[in-house]
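Worksheet: one structure, shown below.
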Amino acid sequence: MLQFIMWSTNIGARPMQRISIREMRNQLGKLDALIDKEHELIITRHNKPVARILPIKEKKLRPGHKALRDTLPYQEMSSEVLQRIDREER
């Protein structure tokens, strides 16, 4: 017997499926499809939650150094010249 409970987020309420350990064992072959469909499963033992199964999030690609440098504003003087001027002023 599959049950749904509601939980709220900033987006709004969304059903979350609860499944007993026995049902999970019986449906182990279909577990990946169930997680894809529901996005989150709560595993229960005697109607008490004991585990939560979530899909794995893919890692976000981090921008490379060149992409970060390209976002910076262009400087008229090189950093070498700016450092020299700063040291001379001290």
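Residue numbering restarts at 1 for every chain of the structure tokens, chains are lettered A, B, ... in their displayed order, and ligands are numbered from 1 as they appear.
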Backbone-only DSSP, helix (DSSP H, G or I) members of region 14-48 of chain A, as a PyMOL selection string: chain A and resi 21-26+28-38
Distance in Å - CA of Leu34 (chain A) versus CA of Ile21 (chain A):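 So the answer is 14.4 Å.
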Atom-to-atom span, CA of Ile35 (chain A) and CA of Ala51 (chain A), Å: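 Between CA of Ile35 (chain A) and CA of Ala51 (chain A) the gap is 13.6 Å.
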One-decimal distance in Å that lies between CA of Asp70 (chain A) and CA of Lys57 (chain A):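 So the two atoms, CA of Lys57 (chain A) and CA of Asp70 (chain A), lie 28.4 Å apart.
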Strand (DSSP E) call set, DSSP backbone run, region 2-89 of chain A, as a ChimeraX atom specification: /A:3-8,13-20,41-45,48-53
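Every protein, DNA or RNA residue with an atom at most 8 Å from Ile43 (chain A), where only C-alpha atoms count and chain neighbours fewer than 5 positions away do not, is listed here: Arg18, Ile19, Ser20, Ile21, Met24, Pro49, Val50, Ala51, Arg52 and Ile53 of chain A.
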For C-alpha atoms, I'd like the residues from the last selection saved as a PDB file, in the first residue's frame.
```
ATOM      1  CA  ARG A  18       5.898   6.668   1.408  1.00  0.00           C
ATOM      2  CA  ILE A  19       6.686   3.006   0.910  1.00  0.00           C
ATOM      3  CA  SER A  20       7.263   0.274   3.490  1.00  0.00           C
ATOM      4  CA  ILE A  21      10.458  -1.745   3.621  1.00  0.00           C
ATOM      5  CA  MET A  24      10.508  -1.653  -1.345  1.00  0.00           C
ATOM      6  CA  PRO A  49       9.897   7.008   8.512  1.00  0.00           C
ATOM      7  CA  VAL A  50      13.343   5.384   8.654  1.00  0.00           C
ATOM      8  CA  ALA A  51      14.986   6.534   5.414  1.00  0.00           C
ATOM      9  CA  ARG A  52      14.641   8.938   2.520  1.00  0.00           C
ATOM     10  CA  ILE A  53      15.765   8.120  -1.020  1.00  0.00           C
TER      11      ILE A  53
END
```
